[in-house]
>>> print(open('structure_12.csv').read())   # CSV, C-alpha atoms
chain,number,residue,atom,x,y,z
K,18,MET,CA,31.7,115.5,304.3
K,19,THR,CA,28.4,116.4,306.1
K,20,SER,CA,26.1,114.2,308.1
K,21,PHE,CA,22.5,115.1,308.8
K,22,ALA,CA,20.5,113.0,311.4
K,23,ILE,CA,16.8,113.4,311.8
K,24,LEU,CA,14.8,112.0,314.7
K,25,GLY,CA,11.4,110.5,313.7
K,26,HIS,CA,9.7,110.2,317.1
K,27,LEU,CA,6.7,108.3,315.8
K,28,ALA,CA,8.2,106.9,312.6
K,29,HIS,CA,7.1,103.3,311.9
K,30,THR,CA,9.9,100.8,312.3
K,31,ASP,CA,8.7,97.9,310.1
K,32,GLY,CA,8.4,97.8,306.3
K,33,ASP,CA,4.7,97.0,306.4
K,34,PHE,CA,3.5,100.6,305.9
K,35,SER,CA,1.7,101.9,302.8
K,36,LEU,CA,3.4,104.2,300.3
K,37,ASN,CA,-0.1,105.7,299.8
K,38,ASP,CA,-0.2,107.0,303.3
K,39,LEU,CA,3.3,108.1,304.4
K,40,PRO,CA,1.9,110.6,307.0
K,41,GLY,CA,0.0,107.6,308.6
K,42,ALA,CA,3.3,105.7,309.1
K,43,GLY,CA,4.3,108.0,312.0
K,44,ARG,CA,4.9,111.0,309.8
K,45,MET,CA,7.3,109.1,307.5
K,46,ASP,CA,6.6,111.9,305.0
K,47,VAL,CA,8.7,114.3,307.1
K,48,LEU,CA,11.7,111.9,307.0
K,49,CYS,CA,11.3,111.3,303.2
K,50,ARG,CA,11.5,115.1,302.7
K,51,CYS,CA,14.6,115.2,304.9
K,52,VAL,CA,16.3,112.6,302.7
K,53,ASN,CA,15.4,114.7,299.6
K,54,ALA,CA,16.7,117.9,301.2
K,55,SER,CA,19.9,116.3,302.3
K,56,LEU,CA,20.9,114.6,299.1
K,57,PHE,CA,19.4,116.4,296.1
K,58,LEU,CA,20.9,119.0,293.8
K,59,SER,CA,19.3,119.9,290.6
K,60,HIS,CA,20.0,117.0,288.2
K,61,ASP,CA,22.6,115.6,290.7
K,62,LEU,CA,23.1,114.2,294.1
K,63,ARG,CA,25.2,115.5,297.0
K,64,ARG,CA,27.8,112.8,297.1
K,65,ASP,CA,29.5,114.2,300.2
K,66,VAL,CA,26.4,113.9,302.4
K,67,ASP,CA,25.2,111.1,304.7
K,68,CYS,CA,21.6,111.2,305.9
K,69,TYR,CA,20.6,109.3,309.0
K,70,LEU,CA,17.0,108.7,310.0
K,71,VAL,CA,16.5,107.6,313.6
K,72,LEU,CA,13.1,105.9,313.8
K,73,LEU,CA,11.5,105.7,317.2
K,74,GLY,CA,8.0,104.5,316.5
K,75,LYS,CA,6.3,101.1,316.8
K,76,PRO,CA,6.9,98.2,316.5
K,77,LYS,CA,10.7,97.7,316.5
K,78,ALA,CA,12.3,101.0,317.8
K,79,PRO,CA,14.9,102.1,317.8
K,80,ARG,CA,16.2,101.6,314.2
K,81,THR,CA,18.5,103.8,312.2
K,82,LEU,CA,18.6,104.1,308.4
K,83,LEU,CA,21.6,105.6,306.6
K,84,PHE,CA,21.3,107.1,303.1
K,85,ARG,CA,24.8,107.5,301.8
K,86,GLY,CA,25.1,110.1,299.0
K,87,SER,CA,28.3,108.6,297.6
K,88,GLU,CA,26.7,105.2,297.0
K,89,ILE,CA,23.0,105.7,296.5
K,90,ARG,CA,21.2,104.8,293.3
K,91,SER,CA,17.6,104.6,292.4
K,92,LEU,CA,16.5,107.6,294.4
K,93,SER,CA,14.2,110.1,292.9
K,94,PRO,CA,13.2,113.4,294.5
K,95,ASP,CA,9.5,112.5,295.2
K,96,GLU,CA,8.5,111.4,298.7
K,97,ARG,CA,7.3,108.1,297.5
K,98,SER,CA,10.7,107.2,296.1
K,99,ALA,CA,12.5,107.8,299.4
K,100,GLY,CA,9.6,106.1,301.1
K,101,ALA,CA,10.1,103.0,299.0
K,102,LEU,CA,13.8,102.8,300.0
K,103,ILE,CA,12.9,103.3,303.7
K,104,LYS,CA,10.3,100.5,303.3
K,105,LYS,CA,13.0,98.3,301.7
K,106,GLY,CA,15.4,99.1,304.5
K,107,LEU,CA,12.9,98.2,307.2
K,108,SER,CA,11.9,95.0,305.6
K,109,ILE,CA,15.2,93.1,306.0
K,110,PRO,CA,16.4,91.5,309.2
K,111,CYS,CA,19.4,93.3,310.8
K,112,GLY,CA,21.4,93.4,314.0
K,113,SER,CA,23.2,96.2,315.7
K,114,GLU,CA,25.6,96.9,312.8
K,115,PHE,CA,24.6,98.5,309.5
K,116,ARG,CA,23.4,96.1,306.9
K,117,GLU,CA,23.0,97.2,303.2
K,118,ALA,CA,19.3,96.9,302.1
K,119,ALA,CA,19.8,98.6,298.7
K,120,PRO,CA,22.7,100.5,297.1
K,121,GLY,CA,23.6,103.2,299.6
K,122,VAL,CA,20.8,102.4,302.0
K,123,PHE,CA,21.8,100.8,305.3
K,124,VAL,CA,19.8,99.8,308.4
K,125,ARG,CA,20.7,98.8,312.0
K,126,ASN,CA,18.9,98.2,315.3
K,127,ALA,CA,20.1,101.2,317.3
K,128,GLY,CA,19.0,104.7,318.1
K,129,LEU,CA,20.3,108.2,319.0
K,130,GLU,CA,22.6,107.3,321.8
K,131,ARG,CA,24.8,105.1,319.6
K,132,LEU,CA,24.7,107.6,316.7
K,133,PHE,CA,25.5,110.5,319.1
K,134,ALA,CA,28.6,108.6,320.3
K,135,GLU,CA,29.9,108.3,316.7
K,136,HIS,CA,29.6,111.9,315.6
K,137,ALA,CA,30.3,115.3,317.1
K,138,PHE,CA,26.7,116.6,316.4
K,139,ALA,CA,25.6,120.2,316.5
K,140,VAL,CA,21.9,120.5,317.2
K,141,LEU,CA,19.5,122.7,315.1
K,142,ASP,CA,17.4,124.7,317.6
K,143,GLU,CA,15.4,127.8,316.9
K,144,ASN,CA,17.0,129.4,320.0
K,145,GLY,CA,20.5,128.6,318.9
K,146,THR,CA,23.3,130.8,317.6
K,147,ASP,CA,22.8,132.2,314.1
K,148,ILE,CA,24.4,129.7,311.7
K,149,ARG,CA,25.7,132.6,309.5
K,150,THR,CA,27.8,133.9,312.4
K,151,VAL,CA,29.5,130.5,313.0
K,152,THR,CA,33.2,130.5,312.2
K,153,THR,CA,33.5,126.8,311.4
K,154,MET,CA,30.5,124.9,310.2
K,155,PRO,CA,29.8,121.6,312.0
K,156,ASP,CA,30.3,118.3,310.1
K,157,ALA,CA,27.3,116.7,311.7
K,158,LEU,CA,23.9,118.2,312.4
K,159,LEU,CA,21.0,116.7,314.4
K,160,LEU,CA,17.4,117.7,313.9
K,161,SER,CA,14.0,116.7,315.3
K,162,ASP,CA,10.9,116.0,313.2
K,163,HIS,CA,7.6,117.7,313.9
K,164,GLN,CA,8.0,117.0,317.6
K,165,ASN,CA,10.4,118.6,320.1
K,166,PHE,CA,13.3,116.7,321.6
K,167,SER,CA,12.1,114.5,324.5
K,168,ASP,CA,13.5,115.1,328.0
K,169,GLU,CA,15.7,112.0,327.6
K,170,GLU,CA,17.1,113.3,324.3
K,171,GLU,CA,17.7,116.8,325.7
K,172,LEU,CA,19.8,115.2,328.4
K,173,LEU,CA,21.9,113.3,325.8
K,174,ILE,CA,22.5,116.4,323.7
K,175,LYS,CA,22.8,119.0,326.5
K,176,ASN,CA,26.5,119.8,325.8
K,177,ALA,CA,26.2,120.0,322.0
K,178,PRO,CA,26.4,123.4,320.3
K,179,ARG,CA,23.0,124.7,319.1
K,180,TYR,CA,22.5,126.6,315.9
K,181,SER,CA,19.5,128.4,314.3
K,182,VAL,CA,19.0,129.1,310.6
K,183,GLY,CA,16.7,132.1,311.2
K,184,PRO,CA,13.9,133.8,313.1
K,185,ALA,CA,11.1,131.6,311.8
K,186,CYS,CA,10.5,128.1,313.0
K,187,LEU,CA,10.9,125.8,310.0
K,188,HIS,CA,10.3,122.2,309.1
K,189,ALA,CA,13.3,119.9,309.4
K,190,ASP,CA,13.7,119.5,305.6
K,191,HIS,CA,13.6,123.3,305.1
K,192,THR,CA,16.2,123.7,307.8
K,193,ILE,CA,18.5,121.2,306.1
K,194,THR,CA,18.1,123.1,302.8
K,195,VAL,CA,19.1,126.4,304.4
K,196,ILE,CA,22.1,124.7,306.1
K,197,SER,CA,23.2,123.1,302.8
K,198,ASN,CA,23.0,126.5,301.1
K,199,GLU,CA,25.2,128.0,303.8
K,200,LEU,CA,27.7,125.1,303.3
K,201,ASP,CA,27.6,125.6,299.5
K,202,ARG,CA,28.3,129.3,299.8
K,203,ARG,CA,31.2,128.9,302.2
K,204,LYS,CA,32.7,126.1,300.1
K,205,HIS,CA,32.7,128.3,297.0
K,206,GLY,CA,33.7,131.6,298.7
K,207,TRP,CA,30.3,133.3,298.6
K,208,LYS,CA,29.7,135.4,301.6
S,17,MET,CA,3.3,140.0,300.7
S,18,THR,CA,5.3,137.7,298.5
S,19,SER,CA,4.3,135.8,295.4
S,20,PHE,CA,6.1,132.7,294.0
S,21,ALA,CA,5.3,131.4,290.5
S,22,ILE,CA,6.6,128.1,289.2
S,23,LEU,CA,6.5,126.9,285.6
S,24,GLY,CA,5.5,123.3,285.2
S,25,HIS,CA,6.6,122.7,281.6
S,26,LEU,CA,5.1,119.2,281.3
S,27,ALA,CA,2.6,119.4,284.2
S,28,HIS,CA,-0.7,117.7,283.4
S,29,THR,CA,-3.6,120.1,283.0
S,30,ASP,CA,-6.6,117.9,283.8
S,31,GLY,CA,-7.6,116.4,287.1
S,32,ASP,CA,-7.5,112.8,285.8
S,33,PHE,CA,-4.0,112.0,287.1
S,34,SER,CA,-3.2,109.5,289.8
S,35,LEU,CA,-2.0,110.7,293.3
S,36,ASN,CA,0.0,107.4,293.4
S,37,ASP,CA,2.2,108.6,290.5
S,38,LEU,CA,2.8,112.4,290.8
S,39,PRO,CA,6.1,112.3,288.8
S,40,GLY,CA,4.1,110.6,286.0
S,41,ALA,CA,1.7,113.5,285.8
S,42,GLY,CA,4.4,115.7,284.1
S,43,ARG,CA,6.5,116.0,287.2
S,44,MET,CA,3.6,117.2,289.3
S,45,ASP,CA,5.7,116.2,292.4
S,46,VAL,CA,8.0,119.1,291.7
S,47,LEU,CA,5.0,121.5,291.9
S,48,CYS,CA,3.7,119.9,295.0
S,49,ARG,CA,7.0,120.5,296.8
S,50,CYS,CA,7.0,124.1,295.6
S,51,VAL,CA,3.5,124.6,297.2
S,52,ASN,CA,4.9,123.1,300.4
S,53,ALA,CA,8.1,125.3,300.4
S,54,SER,CA,6.1,128.5,299.6
S,55,LEU,CA,3.5,128.1,302.3
S,56,PHE,CA,4.7,126.0,305.3
S,57,LEU,CA,6.2,127.1,308.5
S,58,SER,CA,6.6,124.6,311.4
S,59,HIS,CA,3.1,124.1,312.7
S,60,ASP,CA,1.9,127.2,310.8
S,61,LEU,CA,1.3,128.6,307.3
S,62,ARG,CA,2.9,131.6,305.6
S,63,ARG,CA,-0.3,133.7,305.4
S,64,ASP,CA,1.4,136.4,303.4
S,65,VAL,CA,2.4,134.2,300.5
S,66,ASP,CA,0.7,133.4,297.2
S,67,CYS,CA,2.0,130.5,295.2
S,68,TYR,CA,1.1,130.3,291.5
S,69,LEU,CA,1.6,127.1,289.5
S,70,VAL,CA,1.7,127.6,285.7
S,71,LEU,CA,0.9,124.3,284.1
S,72,LEU,CA,2.0,123.8,280.6
S,73,GLY,CA,1.5,120.1,279.8
S,74,LYS,CA,-1.3,118.2,278.1
S,75,PRO,CA,-4.2,118.2,277.5
S,76,LYS,CA,-5.5,121.7,278.4
S,77,ALA,CA,-2.5,124.1,278.7
S,78,PRO,CA,-2.0,126.7,279.7
S,79,ARG,CA,-3.7,126.7,283.1
S,80,THR,CA,-2.7,128.5,286.3
S,81,LEU,CA,-3.4,127.5,289.9
S,82,LEU,CA,-3.2,129.9,292.8
S,83,PHE,CA,-2.6,128.7,296.4
S,84,ARG,CA,-3.4,131.7,298.6
S,85,GLY,CA,-1.7,131.4,302.0
S,86,SER,CA,-4.2,133.7,303.7
S,87,GLU,CA,-7.2,131.6,302.7
S,88,ILE,CA,-6.1,128.1,302.4
S,89,ARG,CA,-7.3,125.2,304.5
S,90,SER,CA,-6.9,121.5,304.4
S,91,LEU,CA,-3.4,121.5,303.2
S,92,SER,CA,-0.8,119.2,304.8
S,93,PRO,CA,2.9,119.2,304.1
S,94,ASP,CA,3.1,115.9,302.2
S,95,GLU,CA,3.2,115.9,298.4
S,96,ARG,CA,0.0,113.9,298.1
S,97,SER,CA,-2.0,116.6,300.0
S,98,ALA,CA,-0.9,119.4,297.6
S,99,GLY,CA,-1.4,116.9,294.8
S,100,ALA,CA,-5.0,116.3,295.9
S,101,LEU,CA,-5.8,120.1,295.8
S,102,ILE,CA,-4.1,120.5,292.4
S,103,LYS,CA,-6.3,117.6,291.2
S,104,LYS,CA,-9.4,119.2,292.6
S,105,GLY,CA,-8.5,122.6,291.0
S,106,LEU,CA,-7.9,120.9,287.6
S,107,SER,CA,-11.2,119.0,287.8
S,108,ILE,CA,-13.6,122.0,287.7
S,109,PRO,CA,-14.5,123.9,284.6
S,110,CYS,CA,-13.1,127.4,284.5
S,111,GLY,CA,-12.6,130.4,282.2
S,112,SER,CA,-10.0,133.0,281.9
S,113,GLU,CA,-10.6,134.4,285.4
S,114,PHE,CA,-9.7,132.7,288.6
S,115,ARG,CA,-12.4,130.4,290.0
S,116,GLU,CA,-12.2,129.0,293.5
S,117,ALA,CA,-12.0,125.2,293.6
S,118,ALA,CA,-11.4,124.7,297.3
S,119,PRO,CA,-10.7,127.2,300.1
S,120,GLY,CA,-7.7,129.3,299.0
S,121,VAL,CA,-7.2,127.3,295.8
S,122,PHE,CA,-8.1,129.0,292.5
S,123,VAL,CA,-7.8,128.0,288.8
S,124,ARG,CA,-8.0,129.8,285.5
S,125,ASN,CA,-7.2,129.1,281.9
S,126,ALA,CA,-4.2,131.3,281.3
S,127,GLY,CA,-0.4,131.0,281.3
S,128,LEU,CA,2.8,132.9,282.0
S,129,GLU,CA,2.1,135.9,279.7
S,130,ARG,CA,-1.0,136.9,281.7
S,131,LEU,CA,0.7,136.3,285.0
S,132,PHE,CA,3.8,138.2,284.0
S,133,ALA,CA,1.7,141.3,283.1
S,134,GLU,CA,0.1,141.2,286.6
S,135,HIS,CA,3.3,141.1,288.7
S,136,ALA,CA,6.8,142.7,288.6
S,137,PHE,CA,8.6,139.3,288.7
S,138,ALA,CA,12.2,138.8,289.4
S,139,VAL,CA,13.6,135.6,288.0
S,140,LEU,CA,15.6,133.0,289.9
S,141,ASP,CA,18.5,132.0,287.8
S,142,GLU,CA,21.8,130.3,288.8
S,143,ASN,CA,23.7,133.1,286.9
S,144,GLY,CA,21.8,136.0,288.6
S,145,THR,CA,23.0,138.4,291.2
S,146,ASP,CA,23.5,137.0,294.7
S,147,ILE,CA,20.2,137.4,296.6
S,148,ARG,CA,22.0,138.3,299.8
S,149,THR,CA,23.5,141.4,298.1
S,150,VAL,CA,20.2,142.8,296.9
S,151,THR,CA,19.1,145.9,298.7
S,152,THR,CA,15.3,145.5,298.2
S,153,MET,CA,13.9,142.0,298.0
S,154,PRO,CA,11.4,141.5,295.1
S,155,ASP,CA,7.7,140.9,295.9
S,156,ALA,CA,7.3,138.4,293.1
S,157,LEU,CA,9.7,135.6,292.1
S,158,LEU,CA,9.5,133.3,289.1
S,159,LEU,CA,11.1,129.9,288.9
S,160,SER,CA,11.2,127.1,286.4
S,161,ASP,CA,10.7,123.4,287.3
S,162,HIS,CA,13.3,120.7,286.3
S,163,GLN,CA,13.5,122.2,282.8
S,164,ASN,CA,15.1,125.5,281.7
S,165,PHE,CA,13.0,128.4,280.5
S,166,SER,CA,12.0,128.0,276.8
S,167,ASP,CA,13.2,130.5,274.2
S,168,GLU,CA,9.7,132.0,274.1
S,169,GLU,CA,9.7,132.3,277.9
S,170,GLU,CA,13.2,133.8,277.9
S,171,LEU,CA,11.9,136.5,275.5
S,172,LEU,CA,9.0,137.3,277.8
S,173,ILE,CA,11.3,137.6,280.9
S,174,LYS,CA,14.3,139.2,279.2
S,175,ASN,CA,14.0,142.5,281.1
S,176,ALA,CA,13.3,141.1,284.5
S,177,PRO,CA,16.1,141.2,287.2
S,178,ARG,CA,17.7,137.8,287.8
S,179,TYR,CA,18.8,136.6,291.2
S,180,SER,CA,20.7,133.5,292.4
S,181,VAL,CA,20.5,131.9,295.9
S,182,GLY,CA,24.0,130.4,295.8
S,183,PRO,CA,26.8,128.6,293.8
S,184,ALA,CA,25.0,125.3,293.6
S,185,CYS,CA,22.1,124.6,291.2
S,186,LEU,CA,19.1,123.7,293.3
S,187,HIS,CA,15.6,122.3,292.8
S,188,ALA,CA,12.9,124.9,292.6
S,189,ASP,CA,11.4,124.1,296.0
S,190,HIS,CA,14.8,124.3,297.7
S,191,THR,CA,15.4,127.7,296.1
S,192,ILE,CA,12.0,128.9,297.4
S,193,THR,CA,13.1,127.8,300.9
S,194,VAL,CA,16.3,129.7,300.7
S,195,ILE,CA,14.5,132.8,299.5
S,196,SER,CA,11.9,132.5,302.2
S,197,ASN,CA,14.7,132.3,304.8
S,198,GLU,CA,16.3,135.5,303.4
S,199,LEU,CA,12.9,137.2,303.6
S,200,ASP,CA,12.4,136.0,307.2
S,201,ARG,CA,15.8,137.3,308.2
S,202,ARG,CA,15.4,140.7,306.7
S,203,LYS,CA,11.9,141.1,308.2
S,204,HIS,CA,13.2,140.4,311.7
S,205,GLY,CA,16.4,142.3,311.4
S,206,TRP,CA,18.8,139.3,311.2
S,207,LYS,CA,21.7,140.0,308.9
>>> encode(input="structure_12.csv", output="structure tokens")
Amino acid sequence: MTSFAILGHLAHTDGDFSLNDLPGAGRMDVLCRCVNASLFLSHDLRRDVDCYLVLLGKPKAPRTLLFRGSEIRSLSPDERSAGALIKKGLSIPCGSEFREAAPGVFVRNAGLERLFAEHAFAVLDENGTDIRTVTTMPDALLLSDHQNFSDEEELLIKNAPRYSVGPACLHADHTITVISNELDRRKHGWK
Amino acid sequence: MTSFAILGHLAHTDGDFSLNDLPGAGRMDVLCRCVNASLFLSHDLRRDVDCYLVLLGKPKAPRTLLFRGSEIRSLSPDERSAGALIKKGLSIPCGSEFREAAPGVFVRNAGLERLFAEHAFAVLDENGTDIRTVTTMPDALLLSDHQNFSDEEELLIKNAPRYSVGPACLHADHTITVISNELDRRKHGWK
């Protein structure tokens, strides 16, 4: 069981955004690609993965969406499909506990602090330890979107282990893909 | 210098498709994600990468688009942005030689056979040799979209080396991301 969490620093927190302009909704396109990278295999889904999106933009931040691989239906790989489920999740009223908005898609009014207390996150960081050298892969991994972690977030995550996937600075979704490949290889005894 | 080529077996070959339904244009969304995976770094582009899309769907197949990392401008990471450049490329008349449709985006009326004669392609195949064990990384890599290679294509590529990125069967764009990570690591002396 692996959990990915992605911080969307500007990501819109109401369902009133347009699927024709996902970048305009606080770079919602970044988060859509992270959902894809976390959950898709070729012609299959990664049923053992949860993907959390922590949305920190206007007007109702913080909100957290959970895409649960074991329960999700009606998700296609294109950005618009993930965007439609995000929109659906953000369109229903919810409180501080997860409420199901569509099969496998949940939403709650809470942010990183709550999520960080629930999982032993490792942080993806270009200056971290090479993930290929790590003896035991983490069960939960936290990434930022196109922005760096804020000072407040850095304080929260300061004691978490930090891992890097390589020498180049990658988009969050590409980083998730490389991590998933490393997990696949270890699970099946590939070096 | 690395070249990726992706076969779009059903990809529409005229510019009259809708950016609001990229999957409906012969799974153009798959090809858009491959452009993204080939060319994007975080806050930068991979200037040493060419990405070829071989479009084999109706009504004007075969056509080939080239996205040249060293020359491209006006490309954002979202699917719609790559889709808009594909649409632009497919909207201009062209012959059998590449014609520039936008900065760094070229189009010609030709298919895999022509491209295969111009590059020493290795083929990405889930049953191929593990890419991490390969001594010299290939300069040109060929992938299929959501469909397998056809019998005719298999005949054309039958003598090409075949490589796999891992034990799980991945989408073409995820495969490109893992290959790019392997190239990054070798280039910078990471094991």
>>> residues_around(input="structure_12.csv", residues="stretch 138-147 of chain K", least_positions_apart="2", cutoff="8 Å", atoms="all atoms listed in the file", output="ChimeraX atom specification")
/K:133,136,149-151,155-160,174,177-186
>>> closest_residue(input="structure_12.csv", among="K:Lys75, K:Arg125, K:Lys105, K:His60", to="chain S", atoms="only C-alpha atoms")
K:His60
>>> interface_residues(input="structure_12.csv", of="chain S", to="chain K", cutoff="7 Å", atoms="all atoms listed in the file", output="mmCIF file with C-alpha atoms, keeping the file's coordinate frame")
data_model
loop_
_atom_site.group_PDB
_atom_site.id
_atom_site.type_symbol
_atom_site.label_atom_id
_atom_site.label_comp_id
_atom_site.auth_asym_id
_atom_site.auth_seq_id
_atom_site.Cartn_x
_atom_site.Cartn_y
_atom_site.Cartn_z
ATOM 1 C CA ASN S 36 0.000 107.400 293.400
ATOM 2 C CA ASP S 45 5.700 116.200 292.400
ATOM 3 C CA LEU S 57 6.200 127.100 308.500
ATOM 4 C CA SER S 58 6.600 124.600 311.400
ATOM 5 C CA ASP S 94 3.100 115.900 302.200
ATOM 6 C CA GLU S 95 3.200 115.900 298.400
ATOM 7 C CA GLY S 182 24.000 130.400 295.800
ATOM 8 C CA PRO S 183 26.800 128.600 293.800
ATOM 9 C CA ALA S 184 25.000 125.300 293.600
ATOM 10 C CA CYS S 185 22.100 124.600 291.200
ATOM 11 C CA LEU S 186 19.100 123.700 293.300
ATOM 12 C CA HIS S 187 15.600 122.300 292.800
ATOM 13 C CA HIS S 190 14.800 124.300 297.700
ATOM 14 C CA THR S 193 13.100 127.800 300.900
ATOM 15 C CA VAL S 194 16.300 129.700 300.700
ATOM 16 C CA ASN S 197 14.700 132.300 304.800
ATOM 17 C CA ASP S 200 12.400 136.000 307.200
ATOM 18 C CA ARG S 201 15.800 137.300 308.200
ATOM 19 C CA HIS S 204 13.200 140.400 311.700
#
>>> residues_near_point(input="structure_12.csv", point="(18.5, 101.2, 320.0)", cutoff="12 Å", atoms="all atoms listed in the file", output="list in words")
Thr30, Val71, Leu72, Leu73, Gly74, Lys77, Ala78, Pro79, Arg80, Thr81, Leu82, Gly112, Ser113, Glu114, Val124, Arg125, Asn126, Ala127, Gly128, Leu129, Glu130, Arg131, Leu132 and Phe133 of chain K
>>> atom_distance(input="structure_12.csv", atom1="atom CA of S:Phe114", atom2="atom CA of S:Ser97")
21.2 Å
>>> atom_distance(input="structure_12.csv", atom1="atom CA of S:Arg84", atom2="atom CA of S:Ser54")
10.1 Å
>>> residues_around(input="structure_12.csv", residues="S:Ser107", least_positions_apart="4", cutoff="8 Å", atoms="all atoms listed in the file", output="list in words")
Asp30, Gly31, Asp32 and Lys103 of chain S
>>> atom_distance(input="structure_12.csv", atom1="atom CA of S:Leu106", atom2="atom CA of S:Ala118")
11.0 Å
>>> closest_residue(input="structure_12.csv", among="K:Pro76, K:Gly43, K:Gly25, K:Gly121", to="K:Ser161", atoms="all atoms listed in the file")
K:Gly25
>>> residues_around(input="structure_12.csv", residues="S:Leu82", least_positions_apart="4", cutoff="6 Å", atoms="all atoms listed in the file", output="list in words")
Cys67, Tyr68, Val121 and Phe122 of chain S
>>> write_last_selection(input="structure_12.csv", atoms="C-alpha atoms", output="PDB file, in the coordinates of the input")
ATOM      1  CA  CYS S  67       2.000 130.500 295.200  1.00  0.00           C
ATOM      2  CA  TYR S  68       1.100 130.300 291.500  1.00  0.00           C
ATOM      3  CA  VAL S 121      -7.200 127.300 295.800  1.00  0.00           C
ATOM      4  CA  PHE S 122      -8.100 129.000 292.500  1.00  0.00           C
TER       5      PHE S 122
END
